[in-house]
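Worksheet: one structure, shown below.
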Amino acid sequence: MPLSRRPLASLAALALVSAVTACTNAAVGDPVGAPVEQQKATSTKKAPAAAPPRDRIKLSVENGRQSAGTVIAGAGDAPYNYAPAVMVDNGKVRAWWCSQLSAAPPGGDDILYSEGPTVGGPFSTAVPVFSGSGGSFDAMHTCDPSLIKIGSVYYMYYTGASRDNHANGSSVGVASSKDGITWTREAGGQSIVAPAGDNIRENTYGAGQQSAIYLDGWVYLMFTDTTGLASHQNGAGQYVLRSKDPTFTKGVEALGKQGFKAVTSNNGPRTRSVVEAFSADWMWIEAASSFAIAHETDEGTTITFWNRDFTRHPFETVLIPGAWEEGPGLLRTPEGHAPADTRDPCGRVGLDVLRGTVEGPAGPTNISHFGLDAVGIKGCATATEVKALNGFAVPSPERTLDVVVGGNVMRFERRSVAEKFARGVLGTRPQGVDALKLAFTVPAGAPAVTNPSGQVGLLLDGKLWVVGSAEIATLNSSTITPVSAEQWARYERLPDLVRR
């Protein structure tokens with residue numbers, strides 16, 4: 001919900017437009033404590049040479065892009081459209097955003113859904129998928145969706161309010177779904193984050209405008225709290241909680257001046273803001289071990305970067321220029337990560353946002369696409385960062401090709417087989433690949449077997465690697481021998497390997 005407007009019965013705040021747009025490009029909260037990269041090692045074992053920590057590297061930008069006009073909008077009598085969550089999921093782009101439809105009671109903000117082939121559309125006709133509960137903290141309004149997927153379950157974090165005159169009543173809720181369409185409220189239908197009440201300001205919005213990332217078993221939740229201690233006098237500020245419980249009912253840690261610390265309440269004092277902004281979104285750039293926070297400034301969407309410990313800005317800010325009124329929503333993976341660039345996943349990251357561009361009679365609307373590529377991230381320097389190369393082939397030390405799969409590498413003797421199996425082939429070998437374990441080698445002519453159902457697998461050191469059809473076996477010059485279902489079942493299996 002926009003903090004500067006109250007369209008119809010929309011969940012909104014009372015800050016002035018000038019207060020919202022005056023946010024600076026600088027992040028709030030100086031780095032505190034020694035960065036992990038600078039801490040002394042306690043082991044006597046000689047470690048491999050590490051790349052120097054990234055520190056305010058200036059990125060170049062290329063391939064600026066912008067849609068010709070509106071790409072997603074509410075159907076029927078939807079008076080406004082803003083605050084989109086955008087996910088690339090199973091080959092399509094899915095979007096959820098804040099609007100209001102009279103066909104979706106009660107009379108307040110609703111969350112709509114649409115999907116399309118690309119972030120630029122065309123998108124399907126919007127449908128309402130989540131509305132006020134009629135009771136509890138979100139009785140009237142549900143807005144500002146942010147989604148992640150953990151396993152087979154989608155979690156949607158949203159802002160709720162029980163009435164228009166909410167007076168710091170905005171709070172954060174969470175719901176779950178198997179398909180992203182039909183939702184069940186979690187945490188007993190109660191809010192999981194409420195205003196801290198550290199400083200009651202003229203802006204009485206409260207807490208909300210959240211964005212979630214799933215990273216190494218943790219859900220990182222960033223959100224606005226106009227009552228937070230570290231917020232600007234106009235209420236702008238972004239705070240971070242994390243938990244391994246996606247409903248944030250246990251094991252919660254809050255980011256403070258000395259890093260993450262366990263807390264007994266999700267609404268404790270907010271002592272550390274990571275950027276001076278409203279309505280921000282963020283994602284994790286795996287190849288560079290960095291958070292990227294998208295927030296609106298005078299000339300467009302600014303991207304502010306933090307390292308994992310929030311102790312260093314690895315890159316200078318990047319600006320996606322153009323008109324805006326509300327947003328933005330970053331194009332992200334289901335985990336809230338940056339999609340890998342298939343041309344240069346270690347050096348380039350695509351920054352694509354959807355954002356409202358027009359202040360209509362009732363509020364911000366006309367969600368359009370803007371984007372560019374940031375180049376020069378110097379990524380894939382560690383075994384952790386090189387996970388961004390999952391499915392990519394790189395040159396091996398033996399003049400063959402290695403394919404990164406699930407934190408290991410497979411070595412292919414025949415290039416044509418590696419190219420068929422991989423999602424892309426890089427011309428150079430990133431530093432971090434050398435830290436990965438060689439899982440197994442695929443020699444040319446390795447024996448292959450097929451079962452009565454037509455499945456095909458290669459036998460590698462007596463273990464079965466199921467490759468599906470005969471195409472890879474044929475490219476590998478492997479002779480395929482039929483075996484019984486019983487024999488097929490007796491083979492020890494190599495792990496299932498996911499390329500994409």
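Chain identifiers are assigned as A, B, and so on, following the order in which chains appear in the structure tokens; residues are numbered from 1 within each chain, and ligands are numbered from 1 in order of appearance.
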Please identify all polymer residues within 12 Å of Leu215 of chain A, counting only C-alpha atoms, omitting same-chain residues fewer than 6 positions from it, and present them as a list in words.
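Contacts, with the query itself left out: Ile148, Lys149, Ile150, Leu221, Arg242, Ser243, Lys244, Pro246, Met283, Trp284, Ile285, Glu286, Ser289, Ser290, Phe291, Arg308, Thr333, Pro334, Glu335, Gly336, His337, Ala338 and Thr384 of chain A.
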Would you mind exporting the chosen residues as a short mmCIF file (atom, residue, chain, number, x, y, z; two decimals), in the first residue's frame, restricted to N, CA, C and O atoms?
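Heads up, here's the output in selection23.cif:
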data_model
loop_
_atom_site.label_atom_id
_atom_site.label_comp_id
_atom_site.auth_asym_id
_atom_site.auth_seq_id
_atom_site.Cartn_x
_atom_site.Cartn_y
_atom_site.Cartn_z
N ILE A 148 7.51 -16.45 -1.75
CA ILE A 148 8.60 -17.39 -1.93
C ILE A 148 8.01 -18.79 -1.99
O ILE A 148 6.86 -19.01 -1.60
N LYS A 149 8.80 -19.72 -2.49
CA LYS A 149 8.37 -21.11 -2.55
C LYS A 149 9.41 -21.96 -1.84
O LYS A 149 10.60 -21.90 -2.15
N ILE A 150 8.95 -22.76 -0.86
CA ILE A 150 9.82 -23.65 -0.12
C ILE A 150 9.33 -25.07 -0.38
O ILE A 150 8.23 -25.44 0.05
N LEU A 221 13.00 -11.56 6.01
CA LEU A 221 11.83 -10.72 5.80
C LEU A 221 12.20 -9.26 6.03
O LEU A 221 12.55 -8.86 7.15
N ARG A 242 14.68 -12.63 10.41
CA ARG A 242 14.85 -13.91 9.73
C ARG A 242 14.47 -15.05 10.66
O ARG A 242 14.54 -14.93 11.88
N SER A 243 14.03 -16.16 10.05
CA SER A 243 13.65 -17.34 10.81
C SER A 243 13.69 -18.54 9.88
O SER A 243 13.49 -18.41 8.67
N LYS A 244 13.93 -19.72 10.45
CA LYS A 244 13.83 -20.95 9.67
C LYS A 244 12.39 -21.45 9.65
O LYS A 244 12.09 -22.42 8.93
N PRO A 246 8.87 -20.44 8.35
CA PRO A 246 8.31 -19.44 7.43
C PRO A 246 7.13 -18.67 8.00
O PRO A 246 6.77 -17.62 7.47
N MET A 283 16.20 -9.09 -3.52
CA MET A 283 16.51 -10.45 -3.95
C MET A 283 17.95 -10.76 -3.60
O MET A 283 18.75 -9.87 -3.28
N TRP A 284 18.28 -12.04 -3.66
CA TRP A 284 19.63 -12.53 -3.36
C TRP A 284 20.34 -12.85 -4.67
O TRP A 284 19.80 -13.59 -5.50
N ILE A 285 21.53 -12.29 -4.86
CA ILE A 285 22.33 -12.59 -6.04
C ILE A 285 23.34 -13.67 -5.64
O ILE A 285 24.36 -13.38 -5.00
N GLU A 286 23.04 -14.91 -5.99
CA GLU A 286 23.86 -16.03 -5.53
C GLU A 286 25.28 -15.94 -6.03
O GLU A 286 26.23 -16.23 -5.29
N SER A 289 27.05 -13.40 -3.75
CA SER A 289 26.78 -13.42 -2.31
C SER A 289 26.30 -12.06 -1.82
O SER A 289 26.81 -11.52 -0.83
N SER A 290 25.32 -11.50 -2.50
CA SER A 290 24.88 -10.14 -2.20
C SER A 290 23.36 -10.01 -2.21
O SER A 290 22.70 -10.65 -3.04
N PHE A 291 22.85 -9.18 -1.32
CA PHE A 291 21.46 -8.75 -1.38
C PHE A 291 21.36 -7.53 -2.29
O PHE A 291 22.24 -6.67 -2.28
N ARG A 308 26.27 -10.46 2.70
CA ARG A 308 25.37 -11.32 3.48
C ARG A 308 25.25 -10.89 4.93
O ARG A 308 24.20 -11.05 5.55
N THR A 333 13.38 -15.55 -8.73
CA THR A 333 13.08 -16.97 -8.75
C THR A 333 12.10 -17.28 -7.62
O THR A 333 11.83 -16.43 -6.77
N PRO A 334 11.57 -18.51 -7.56
CA PRO A 334 10.65 -18.84 -6.46
C PRO A 334 11.27 -18.69 -5.07
O PRO A 334 10.55 -18.54 -4.09
N GLU A 335 12.60 -18.74 -4.97
CA GLU A 335 13.24 -18.57 -3.67
C GLU A 335 13.54 -17.10 -3.37
O GLU A 335 14.05 -16.77 -2.30
N GLY A 336 13.24 -16.22 -4.34
CA GLY A 336 13.56 -14.82 -4.15
C GLY A 336 14.97 -14.47 -4.56
O GLY A 336 15.54 -13.47 -4.09
N HIS A 337 15.56 -15.26 -5.45
CA HIS A 337 16.92 -15.04 -5.92
C HIS A 337 16.89 -14.40 -7.31
O HIS A 337 15.88 -14.44 -8.02
N ALA A 338 18.02 -13.84 -7.70
CA ALA A 338 18.15 -13.28 -9.03
C ALA A 338 18.21 -14.41 -10.06
O ALA A 338 18.98 -15.36 -9.89
N THR A 384 30.38 -21.51 -2.60
CA THR A 384 28.99 -21.12 -2.36
C THR A 384 28.43 -20.35 -3.54
O THR A 384 27.33 -20.62 -4.03
#
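Those residues in segment 405-466 of chain A carrying a DSSP assignment of alpha helix (DSSP H), computed from the backbone, are Arg415, Ser416, Val417, Ala418, Glu419, Lys420 and Phe421 of chain A.
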Store the residues of this selection in a file with C-alpha atoms, as a compact mmCIF listing (two decimals), in the first residue's frame.
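Generated file (result_27.txt):
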# COMPACT_ATOMS: atom_id res chain seq x y z
CA ARG A 415 31.69 -32.14 -25.62
CA SER A 416 28.50 -32.79 -27.56
CA VAL A 417 27.07 -34.75 -24.62
CA ALA A 418 27.95 -32.02 -22.13
CA GLU A 419 26.39 -29.38 -24.37
CA LYS A 420 23.19 -31.42 -24.66
CA PHE A 421 23.01 -31.96 -20.93
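Distances here use only C-alpha atoms; by that measure, the residue among A:Pro105, A:Gly407, A:Pro447, A:Gly468 closest to Gly432 of chain A is A:Gly407.
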Residue neighbourhood Thr224 of chain A, 12 Å, only C-alpha atoms, exclusion window fewer than 4 positions, as a ChimeraX atom specification
/A:1-3,13,144,158-159,168,170-172,193-196,203-211,228-232,234-241,270,272-281,295
Between atom CA of Val449 of chain A and atom CA of Thr481 of chain A - distance in Å to one decimal
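Pair atom CA of Thr481 of chain A / atom CA of Val449 of chain A returns 4.6 Å.
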